[in-house]
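Novice: Input structure.txt, format and content: compact mmCIF, N, CA and C atoms.
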```
# COMPACT_ATOMS: atom_id res chain seq x y z
N LYS C 2 122.18 90.93 132.60
CA LYS C 2 121.68 90.82 133.97
C LYS C 2 122.84 90.50 134.92
N ASP C 3 122.68 90.89 136.17
CA ASP C 3 123.62 90.54 137.21
C ASP C 3 122.86 90.32 138.51
N TRP C 4 123.58 89.90 139.55
CA TRP C 4 122.93 89.60 140.82
C TRP C 4 122.53 90.87 141.56
N CYS C 5 121.42 90.80 142.27
CA CYS C 5 121.08 91.87 143.20
C CYS C 5 122.07 91.78 144.36
N LYS C 6 122.15 92.79 145.19
CA LYS C 6 123.14 92.85 146.26
C LYS C 6 122.70 91.99 147.44
N TYR C 7 123.41 90.89 147.68
CA TYR C 7 123.04 90.02 148.79
C TYR C 7 124.17 89.76 149.77
N ASP C 8 125.39 90.20 149.48
CA ASP C 8 126.49 90.05 150.44
C ASP C 8 126.70 91.39 151.14
N LEU C 9 125.92 91.62 152.19
CA LEU C 9 125.83 92.93 152.83
C LEU C 9 126.78 93.06 154.01
N GLU C 10 127.19 94.30 154.26
CA GLU C 10 127.95 94.60 155.46
C GLU C 10 127.08 94.23 156.66
N TRP C 11 127.67 93.60 157.66
CA TRP C 11 126.87 93.07 158.76
C TRP C 11 126.15 94.15 159.55
N GLY C 12 126.66 95.37 159.56
CA GLY C 12 125.99 96.46 160.28
C GLY C 12 124.63 96.81 159.71
N LEU C 13 124.38 96.51 158.43
CA LEU C 13 123.08 96.82 157.82
C LEU C 13 121.94 95.99 158.40
N PHE C 14 122.29 94.88 159.02
CA PHE C 14 121.25 94.00 159.55
C PHE C 14 120.51 94.62 160.73
N THR C 15 121.09 95.61 161.38
CA THR C 15 120.44 96.23 162.55
C THR C 15 120.31 97.75 162.37
N ASP C 16 120.25 98.22 161.14
CA ASP C 16 120.19 99.65 160.86
C ASP C 16 118.79 100.26 160.90
N GLY C 17 117.81 99.54 161.33
CA GLY C 17 116.46 100.09 161.43
C GLY C 17 115.60 99.75 160.23
N ARG C 18 114.40 100.27 160.26
CA ARG C 18 113.41 99.97 159.23
C ARG C 18 113.57 100.82 157.97
N VAL C 19 114.15 102.00 158.11
CA VAL C 19 114.24 102.91 156.98
C VAL C 19 115.71 103.05 156.56
N LEU C 20 116.02 102.51 155.39
CA LEU C 20 117.37 102.61 154.82
C LEU C 20 117.33 103.60 153.67
N ALA C 21 118.48 103.98 153.17
CA ALA C 21 118.51 104.88 152.01
C ALA C 21 117.79 104.21 150.85
N SER C 22 116.94 104.96 150.16
CA SER C 22 116.15 104.36 149.08
C SER C 22 116.99 104.04 147.84
N THR C 23 118.13 104.67 147.72
CA THR C 23 119.00 104.42 146.56
C THR C 23 120.28 103.73 146.98
N MET C 24 120.15 102.70 147.79
CA MET C 24 121.31 102.00 148.29
C MET C 24 122.12 101.38 147.16
N TYR C 25 123.44 101.55 147.23
CA TYR C 25 124.39 101.02 146.24
C TYR C 25 124.09 101.56 144.84
N HIS C 26 123.73 102.83 144.76
CA HIS C 26 123.43 103.40 143.44
C HIS C 26 124.70 103.72 142.65
N ASP C 27 124.55 103.78 141.36
CA ASP C 27 125.60 104.17 140.43
C ASP C 27 124.90 105.05 139.40
N LEU C 28 125.43 106.24 139.13
CA LEU C 28 124.73 107.20 138.26
C LEU C 28 124.40 106.64 136.89
N LYS C 29 125.28 105.81 136.34
CA LYS C 29 125.04 105.28 134.99
C LYS C 29 124.21 104.00 135.00
N TRP C 30 124.64 103.00 135.77
CA TRP C 30 124.05 101.68 135.68
C TRP C 30 122.89 101.45 136.64
N TYR C 31 122.97 102.01 137.84
CA TYR C 31 121.93 101.78 138.85
C TYR C 31 121.53 103.10 139.52
N PRO C 32 120.93 104.03 138.76
CA PRO C 32 120.60 105.33 139.35
C PRO C 32 119.58 105.22 140.49
N ASP C 33 118.82 104.15 140.53
CA ASP C 33 117.82 103.96 141.59
C ASP C 33 118.33 103.04 142.69
N GLY C 34 119.59 102.65 142.63
CA GLY C 34 120.14 101.73 143.61
C GLY C 34 119.83 100.28 143.26
N LEU C 35 120.35 99.39 144.06
CA LEU C 35 120.13 97.96 143.86
C LEU C 35 119.20 97.41 144.93
N PRO C 36 118.37 96.44 144.58
CA PRO C 36 117.64 95.74 145.64
C PRO C 36 118.67 95.02 146.51
N ILE C 37 118.50 95.11 147.81
CA ILE C 37 119.42 94.40 148.70
C ILE C 37 118.66 93.31 149.43
N ILE C 38 119.33 92.17 149.59
CA ILE C 38 118.69 90.98 150.14
C ILE C 38 119.45 90.57 151.40
N PHE C 39 118.76 90.49 152.49
CA PHE C 39 119.38 90.16 153.77
C PHE C 39 119.49 88.65 153.96
N THR C 40 120.40 88.03 153.20
CA THR C 40 120.62 86.59 153.31
C THR C 40 122.08 86.24 153.60
N SER C 41 122.99 87.17 153.38
CA SER C 41 124.41 86.87 153.48
C SER C 41 125.16 88.09 153.99
N MET C 42 126.27 87.85 154.72
CA MET C 42 127.08 88.95 155.26
C MET C 42 128.44 88.99 154.59
N HIS C 43 128.98 90.20 154.50
CA HIS C 43 130.30 90.45 153.94
C HIS C 43 131.12 91.19 154.99
N ASN C 44 132.43 91.06 154.93
CA ASN C 44 133.31 91.83 155.80
C ASN C 44 133.08 91.50 157.28
N THR C 45 133.13 90.24 157.60
CA THR C 45 132.87 89.80 158.97
C THR C 45 134.16 89.55 159.74
N LYS C 46 135.13 90.44 159.55
CA LYS C 46 136.44 90.27 160.18
C LYS C 46 136.42 90.52 161.69
N ALA C 47 135.49 91.34 162.15
CA ALA C 47 135.36 91.59 163.60
C ALA C 47 134.57 90.40 164.14
N PHE C 48 135.29 89.30 164.43
CA PHE C 48 134.64 88.03 164.70
C PHE C 48 133.64 88.07 165.84
N GLU C 49 133.98 88.72 166.95
CA GLU C 49 133.06 88.71 168.10
C GLU C 49 131.72 89.35 167.75
N SER C 50 131.76 90.50 167.07
CA SER C 50 130.51 91.17 166.69
C SER C 50 129.75 90.38 165.64
N ALA C 51 130.45 89.86 164.65
CA ALA C 51 129.79 89.08 163.59
C ALA C 51 129.18 87.82 164.17
N ASP C 52 129.89 87.16 165.08
CA ASP C 52 129.37 85.95 165.71
C ASP C 52 128.14 86.26 166.55
N ALA C 53 128.18 87.37 167.28
CA ALA C 53 127.02 87.75 168.10
C ALA C 53 125.81 88.02 167.21
N LEU C 54 126.03 88.67 166.07
CA LEU C 54 124.92 88.96 165.16
C LEU C 54 124.37 87.68 164.53
N MET C 55 125.25 86.77 164.11
CA MET C 55 124.77 85.52 163.52
C MET C 55 124.02 84.68 164.55
N SER C 56 124.49 84.67 165.78
CA SER C 56 123.78 83.95 166.84
C SER C 56 122.41 84.58 167.09
N LEU C 57 122.37 85.91 167.08
CA LEU C 57 121.10 86.61 167.28
C LEU C 57 120.13 86.29 166.15
N LEU C 58 120.61 86.34 164.92
CA LEU C 58 119.74 86.01 163.77
C LEU C 58 119.14 84.62 163.92
N THR C 59 119.96 83.67 164.31
CA THR C 59 119.50 82.29 164.47
C THR C 59 118.46 82.19 165.58
N ARG C 60 118.76 82.77 166.74
CA ARG C 60 117.83 82.69 167.87
C ARG C 60 116.52 83.39 167.56
N CYS C 61 116.58 84.56 166.92
CA CYS C 61 115.35 85.28 166.60
C CYS C 61 114.52 84.51 165.58
N HIS C 62 115.17 83.87 164.64
CA HIS C 62 114.46 83.08 163.64
C HIS C 62 113.77 81.87 164.29
N LEU C 63 114.47 81.22 165.21
CA LEU C 63 113.93 80.00 165.83
C LEU C 63 112.95 80.27 166.97
N GLU C 64 113.24 81.30 167.79
CA GLU C 64 112.44 81.53 169.00
C GLU C 64 111.43 82.66 168.88
N ARG C 65 111.59 83.53 167.95
CA ARG C 65 110.74 84.67 167.64
C ARG C 65 109.89 85.16 168.82
N PRO C 66 110.45 86.03 169.68
CA PRO C 66 109.67 86.56 170.81
C PRO C 66 108.42 87.30 170.32
N LYS C 67 107.40 87.31 171.13
CA LYS C 67 106.12 87.94 170.77
C LYS C 67 106.08 89.39 171.23
N THR C 68 107.11 90.13 170.98
CA THR C 68 107.22 91.52 171.42
C THR C 68 106.72 92.46 170.33
N LYS C 69 106.05 93.53 170.73
CA LYS C 69 105.66 94.55 169.78
C LYS C 69 106.82 95.53 169.67
N CYS C 70 107.42 95.58 168.50
CA CYS C 70 108.60 96.42 168.28
C CYS C 70 108.17 97.82 167.84
N GLN C 71 109.01 98.82 168.11
CA GLN C 71 108.73 100.18 167.64
C GLN C 71 108.78 100.17 166.12
N THR C 72 108.02 101.05 165.49
CA THR C 72 107.95 101.04 164.04
C THR C 72 108.54 102.27 163.37
N GLY C 73 108.83 103.31 164.10
CA GLY C 73 109.31 104.53 163.46
C GLY C 73 110.79 104.79 163.66
N GLY C 74 111.38 105.44 162.68
CA GLY C 74 112.75 105.93 162.79
C GLY C 74 113.83 104.87 162.89
N GLY C 75 114.97 105.31 163.38
CA GLY C 75 116.12 104.43 163.51
C GLY C 75 116.03 103.58 164.76
N ASN C 76 116.96 102.68 164.88
CA ASN C 76 116.99 101.78 166.03
C ASN C 76 117.72 102.41 167.21
N PRO C 77 117.40 101.97 168.43
CA PRO C 77 118.12 102.44 169.62
C PRO C 77 119.59 102.00 169.57
N ARG C 78 120.44 102.63 170.39
CA ARG C 78 121.88 102.31 170.38
C ARG C 78 122.17 100.87 170.74
N HIS C 79 121.33 100.23 171.53
CA HIS C 79 121.61 98.84 171.88
C HIS C 79 121.52 97.93 170.66
N CYS C 80 120.98 98.41 169.56
CA CYS C 80 120.87 97.59 168.35
C CYS C 80 122.20 97.45 167.61
N THR C 81 123.15 98.28 167.91
CA THR C 81 124.46 98.16 167.28
C THR C 81 125.30 97.21 168.12
N VAL C 82 125.57 96.03 167.53
CA VAL C 82 126.30 94.98 168.24
C VAL C 82 127.68 95.51 168.64
N GLY C 83 128.02 95.30 169.90
CA GLY C 83 129.32 95.71 170.41
C GLY C 83 129.33 97.05 171.13
N THR C 84 128.24 97.81 171.06
CA THR C 84 128.20 99.08 171.79
C THR C 84 128.06 98.80 173.27
N ARG C 85 128.35 99.79 174.07
CA ARG C 85 128.23 99.67 175.53
C ARG C 85 126.81 99.26 175.91
N GLU C 86 125.81 99.84 175.24
CA GLU C 86 124.41 99.56 175.54
C GLU C 86 124.04 98.10 175.21
N GLU C 87 124.55 97.60 174.10
CA GLU C 87 124.25 96.22 173.71
C GLU C 87 124.94 95.24 174.64
N VAL C 88 126.19 95.52 174.99
CA VAL C 88 126.93 94.64 175.90
C VAL C 88 126.25 94.61 177.26
N ALA C 89 125.79 95.76 177.75
CA ALA C 89 125.09 95.81 179.04
C ALA C 89 123.79 95.01 178.98
N LEU C 90 123.11 95.07 177.86
CA LEU C 90 121.86 94.32 177.69
C LEU C 90 122.10 92.81 177.73
N ARG C 91 123.27 92.38 177.28
CA ARG C 91 123.61 90.95 177.33
C ARG C 91 123.57 90.41 178.76
N ASN C 92 123.81 91.29 179.74
CA ASN C 92 123.80 90.87 181.15
C ASN C 92 122.40 90.66 181.69
N ASP C 93 121.39 90.93 180.87
CA ASP C 93 120.00 90.74 181.27
C ASP C 93 119.35 89.78 180.27
N PRO C 94 119.65 88.48 180.40
CA PRO C 94 119.17 87.50 179.42
C PRO C 94 117.66 87.49 179.24
N ALA C 95 116.92 87.86 180.28
CA ALA C 95 115.47 87.83 180.19
C ALA C 95 114.93 88.80 179.15
N THR C 96 115.59 89.93 178.97
CA THR C 96 115.09 90.92 178.01
C THR C 96 115.97 91.03 176.77
N TYR C 97 117.16 90.45 176.79
CA TYR C 97 118.09 90.60 175.66
C TYR C 97 117.46 90.16 174.34
N LEU C 98 116.99 88.94 174.27
CA LEU C 98 116.46 88.42 173.01
C LEU C 98 115.25 89.22 172.55
N GLU C 99 114.38 89.54 173.48
CA GLU C 99 113.19 90.32 173.16
C GLU C 99 113.54 91.66 172.51
N LYS C 100 114.45 92.39 173.13
CA LYS C 100 114.82 93.71 172.61
C LYS C 100 115.67 93.62 171.34
N MET C 101 116.59 92.66 171.31
CA MET C 101 117.49 92.57 170.16
C MET C 101 116.81 92.04 168.91
N CYS C 102 115.81 91.17 169.05
CA CYS C 102 115.09 90.70 167.86
C CYS C 102 114.36 91.86 167.19
N CYS C 103 113.92 92.83 167.97
CA CYS C 103 113.30 94.02 167.38
C CYS C 103 114.29 94.79 166.52
N CYS C 104 115.57 94.71 166.84
CA CYS C 104 116.59 95.41 166.07
C CYS C 104 116.69 94.87 164.64
N LEU C 105 116.30 93.63 164.44
CA LEU C 105 116.38 93.00 163.12
C LEU C 105 115.15 93.26 162.26
N GLU C 106 114.10 93.78 162.86
CA GLU C 106 112.86 94.01 162.13
C GLU C 106 113.06 95.01 161.01
N PRO C 107 112.42 94.82 159.88
CA PRO C 107 111.52 93.74 159.50
C PRO C 107 112.21 92.64 158.69
N ARG C 108 113.53 92.52 158.81
CA ARG C 108 114.32 91.64 157.95
C ARG C 108 113.98 90.16 158.05
N LEU C 109 113.46 89.70 159.18
CA LEU C 109 113.15 88.28 159.32
C LEU C 109 111.98 87.86 158.44
N ASP C 110 111.00 88.74 158.27
CA ASP C 110 109.82 88.43 157.45
C ASP C 110 109.88 89.02 156.05
N THR C 111 110.54 90.15 155.92
CA THR C 111 110.63 90.82 154.61
C THR C 111 112.10 91.15 154.35
N PRO C 112 112.86 90.21 153.82
CA PRO C 112 114.32 90.37 153.73
C PRO C 112 114.84 91.16 152.54
N ILE C 113 113.97 91.74 151.72
CA ILE C 113 114.45 92.48 150.53
C ILE C 113 114.05 93.94 150.66
N TRP C 114 115.01 94.83 150.43
CA TRP C 114 114.79 96.29 150.49
C TRP C 114 115.13 96.88 149.13
N TRP C 115 114.21 97.67 148.58
CA TRP C 115 114.50 98.36 147.32
C TRP C 115 113.59 99.55 147.15
N GLY C 116 114.18 100.66 146.82
CA GLY C 116 113.42 101.87 146.51
C GLY C 116 112.54 102.37 147.64
N GLY C 117 112.95 102.12 148.88
CA GLY C 117 112.17 102.60 150.01
C GLY C 117 111.07 101.66 150.47
N LYS C 118 111.08 100.41 149.97
CA LYS C 118 110.04 99.44 150.35
C LYS C 118 110.67 98.10 150.71
N TRP C 119 110.01 97.37 151.60
CA TRP C 119 110.40 96.02 151.98
C TRP C 119 109.54 95.01 151.24
N PHE C 120 110.14 93.88 150.85
CA PHE C 120 109.44 92.82 150.14
C PHE C 120 109.73 91.47 150.78
N ARG C 121 108.76 90.56 150.72
CA ARG C 121 108.90 89.23 151.31
C ARG C 121 109.72 88.28 150.43
N SER C 122 109.63 88.44 149.12
CA SER C 122 110.34 87.52 148.22
C SER C 122 110.68 88.24 146.92
N GLY C 123 111.58 87.62 146.16
CA GLY C 123 111.95 88.19 144.87
C GLY C 123 110.78 88.27 143.91
N ASP C 124 109.81 87.38 144.06
CA ASP C 124 108.62 87.41 143.20
C ASP C 124 107.78 88.67 143.41
N GLU C 125 107.86 89.26 144.59
CA GLU C 125 107.10 90.48 144.89
C GLU C 125 107.76 91.74 144.35
N VAL C 126 109.05 91.69 144.05
CA VAL C 126 109.78 92.89 143.64
C VAL C 126 109.50 93.18 142.17
N PRO C 127 108.89 94.33 141.88
CA PRO C 127 108.57 94.64 140.48
C PRO C 127 109.81 95.01 139.68
N ALA C 128 109.68 95.02 138.38
CA ALA C 128 110.79 95.42 137.52
C ALA C 128 111.13 96.89 137.74
N ARG C 129 110.12 97.69 138.08
CA ARG C 129 110.33 99.12 138.34
C ARG C 129 109.26 99.62 139.29
N LEU C 130 109.67 100.45 140.22
CA LEU C 130 108.72 101.12 141.09
C LEU C 130 108.36 102.45 140.43
N SER C 131 107.21 103.00 140.75
CA SER C 131 106.69 104.18 140.05
C SER C 131 107.63 105.39 140.05
N HIS C 132 108.44 105.57 141.07
CA HIS C 132 109.31 106.75 141.17
C HIS C 132 110.70 106.51 140.56
N MET C 133 110.92 105.39 139.93
CA MET C 133 112.25 105.03 139.45
C MET C 133 112.49 105.42 138.00
N LYS C 134 113.78 105.58 137.67
CA LYS C 134 114.19 105.99 136.32
C LYS C 134 114.34 104.82 135.36
N LYS C 135 114.77 103.67 135.88
CA LYS C 135 115.06 102.52 135.03
C LYS C 135 114.47 101.25 135.62
N ASP C 136 114.32 100.24 134.76
CA ASP C 136 113.91 98.93 135.24
C ASP C 136 115.04 98.29 136.02
N ARG C 137 114.68 97.44 136.95
CA ARG C 137 115.65 96.65 137.70
C ARG C 137 116.30 95.66 136.73
N THR C 138 117.62 95.57 136.75
CA THR C 138 118.32 94.64 135.85
C THR C 138 118.94 93.47 136.59
N CYS C 139 118.89 93.49 137.91
CA CYS C 139 119.51 92.41 138.66
C CYS C 139 118.52 91.27 138.90
N ILE C 140 119.08 90.09 139.13
CA ILE C 140 118.26 88.91 139.40
C ILE C 140 118.49 88.46 140.84
N PHE C 141 117.55 87.70 141.37
CA PHE C 141 117.63 87.22 142.73
C PHE C 141 118.19 85.81 142.77
N PRO C 142 118.96 85.47 143.83
CA PRO C 142 119.54 84.12 143.91
C PRO C 142 118.44 83.07 144.12
```
Would you mind writing the file's structure down as structure tokens?

Specialist:
Amino acid sequence: KDWCKYDLEWGLFTDGRVLASTMYHDLKWYPDGLPIIFTSMHNTKAFESADALMSLLTRCHLERPKTKCQTGGGNPRHCTVGTREEVALRNDPATYLEKMCCCLEPRLDTPIWWGGKWFRSGDEVPARLSHMKKDRTCIFP
């Protein structure tokens, strides 16, 4: 056994609701990809962007705006921290948190992604999903 993937590139935190179903796959060991857990960031060398994302995660967790977020497809351009659209949105504090917290959905409530599905906890993640070739061999922290 080994760990599931929990040290993620920070850009994955705002990549939308639908990620590749075989994320971090390996043809021999992980043909179905690894479950990924949105609890930790890796490669945070771009300090301003990483700091903005960590601040956003904290504020969204604590203040959780009551906004109805879009549910289909990818996220708007303002969801990518550091883009012109996101920086412009920062100048409108009244709507910034509301719109940016939607960029993190559904990671705040369901932080685990595997095989095209979101899960609330490691206990919910089955050993194998019906469309998979092998059982999951990784463990959750």

Novice: Check the smallest atom-to-atom distance from each of C:Lys100, C:Val88, C:Cys80, C:Lys134 to Phe14 in chain C using only N, CA and C atoms, then report the winner.

Specialist: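 The answer is C:Cys80, which sits nearest to Phe14 in chain C.
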
Novice: Mind listing the alpha helix (DSSP H) residues of chain C, per DSSP on the backbone, as a ChimeraX atom specification?

Specialist: /C:48-64,85-91,94-104

Novice: At what distance in Å, to one decimal, does CA of Trp115 in chain C lie from atom C of Asp33 in chain C?

Specialist: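 Computing the Euclidean distance for atom C of Asp33 in chain C and CA of Trp115 in chain C yields 7.6 Å.
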
Novice: Just the number, please: distance in Å from atom C of Gly117 in chain C to CA of Lys67 in chain C, one decimal.

Specialist: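 Atom-to-atom, atom C of Gly117 in chain C to CA of Lys67 in chain C, that is 25.0 Å.
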
Novice: Near range 55-58 of chain C, counting only N, CA and C atoms, which residues have an atom at most 8 Å away, once you skip same-chain residues fewer than 5 positions from it, shown as a PDB file with N, CA and C atoms, keeping the file's coordinate frame?

Specialist:
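The file below, out_15.pdb, is the result:
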```pdb
ATOM      1  N   GLU C  49     133.980  88.720 166.950  1.00  0.00           N
ATOM      2  CA  GLU C  49     133.060  88.710 168.100  1.00  0.00           C
ATOM      3  C   GLU C  49     131.720  89.350 167.750  1.00  0.00           C
ATOM      4  N   SER C  50     131.760  90.500 167.070  1.00  0.00           N
ATOM      5  CA  SER C  50     130.510  91.170 166.690  1.00  0.00           C
ATOM      6  C   SER C  50     129.750  90.380 165.640  1.00  0.00           C
ATOM      7  N   LEU C  63     114.470  81.220 165.210  1.00  0.00           N
ATOM      8  CA  LEU C  63     113.930  80.000 165.830  1.00  0.00           C
ATOM      9  C   LEU C  63     112.950  80.270 166.970  1.00  0.00           C
ATOM     10  N   GLU C  64     113.240  81.300 167.790  1.00  0.00           N
ATOM     11  CA  GLU C  64     112.440  81.530 169.000  1.00  0.00           C
ATOM     12  C   GLU C  64     111.430  82.660 168.880  1.00  0.00           C
ATOM     13  N   LEU C  98     116.990  88.940 174.270  1.00  0.00           N
ATOM     14  CA  LEU C  98     116.460  88.420 173.010  1.00  0.00           C
ATOM     15  C   LEU C  98     115.250  89.220 172.550  1.00  0.00           C
ATOM     16  N   MET C 101     116.590  92.660 171.310  1.00  0.00           N
ATOM     17  CA  MET C 101     117.490  92.570 170.160  1.00  0.00           C
ATOM     18  C   MET C 101     116.810  92.040 168.910  1.00  0.00           C
ATOM     19  N   CYS C 102     115.810  91.170 169.050  1.00  0.00           N
ATOM     20  CA  CYS C 102     115.090  90.700 167.860  1.00  0.00           C
ATOM     21  C   CYS C 102     114.360  91.860 167.190  1.00  0.00           C
ATOM     22  N   LEU C 105     116.300  93.630 164.440  1.00  0.00           N
ATOM     23  CA  LEU C 105     116.380  93.000 163.120  1.00  0.00           C
ATOM     24  C   LEU C 105     115.150  93.260 162.260  1.00  0.00           C
TER      25      LEU C 105
END
```

Novice: Of the candidates C:Asp27, C:Glu99, C:Asp110, C:Asp8, which shows the shortest atom-to-atom distance to Pro66 in chain C, using all atoms listed in the file?

Specialist: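 Among the listed residues, C:Glu99 lies closest to Pro66 in chain C.
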
Novice: Extract, using only C-alpha atoms, all DNA, RNA and protein residues at most 12 Å from Pro127 in chain C, discarding same-chain residues fewer than 4 positions from it, and format them as a PyMOL selection string.

Specialist: chain C and resi 36+113-116+118-120+122-123+131+133+135-141

Novice: Assign secondary structure with DSSP using the backbone only, and return the residues of chain C in strand (DSSP E) as JSON, numbers by chain.

Specialist: {"C": [3, 4, 6, 7, 8, 9, 10, 37, 38, 39, 40, 41, 42, 43, 113, 114, 115, 118, 119, 120, 139, 140]}

Novice: In Å, with one decimal, what is the gap from CA of Leu9 in chain C to CA of Met24 in chain C?

Specialist: 11.1 Å

Novice: Select, from C:Ser41, C:Cys103, C:Pro94, C:Glu86, the residue with the minimum atom-to-atom distance to Gln71 in chain C, counting all atoms listed in the file.

Specialist: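 Closest candidate: C:Cys103.
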
Novice: How big is the axis-aligned box, and where does its centre sit, when it encloses all atoms of range 77-89 of chain C listed in the file and has 8 Å added on every side, reported in Å to one decimal as AutoDock Vina command-line options?

Specialist:
```
--center_x 123.4 --center_y 98.6 --center_z 173.2 --size_x 27.9 --size_y 24.0 --size_z 27.8
```

Novice: Ranking C:Lys6, C:Arg91, C:His132, C:Arg85 by minimum distance to Ile37 in chain C and counting only N, CA and C atoms, which one comes first?

Specialist: C:Lys6

Novice: Name the closest residue to His62 in chain C among the candidates C:Ala47, C:Met42, C:Leu28, C:Leu109; distances are taken between atoms, counting only N, CA and C atoms.

Specialist: C:Leu109

Novice: Within 7 Å of range 74-79 of chain C, which residues of range 4-53 of chain C show up? Give each one with its shortest atom-to-atom distance in Å (one decimal) and the two atoms involved, counting only C-alpha atoms, rows by chain then rising residue number, as a Markdown table.

Specialist:
```
| residue | atom | partner | partner_atom | distance |
| --- | --- | --- | --- | --- |
| C:Asp16 | CA | C:Asn76 | CA | 6.4 |
| C:Gly17 | CA | C:Gly75 | CA | 4.8 |
| C:Arg18 | CA | C:Gly75 | CA | 6.7 |
| C:Val19 | CA | C:Gly74 | CA | 6.7 |
```
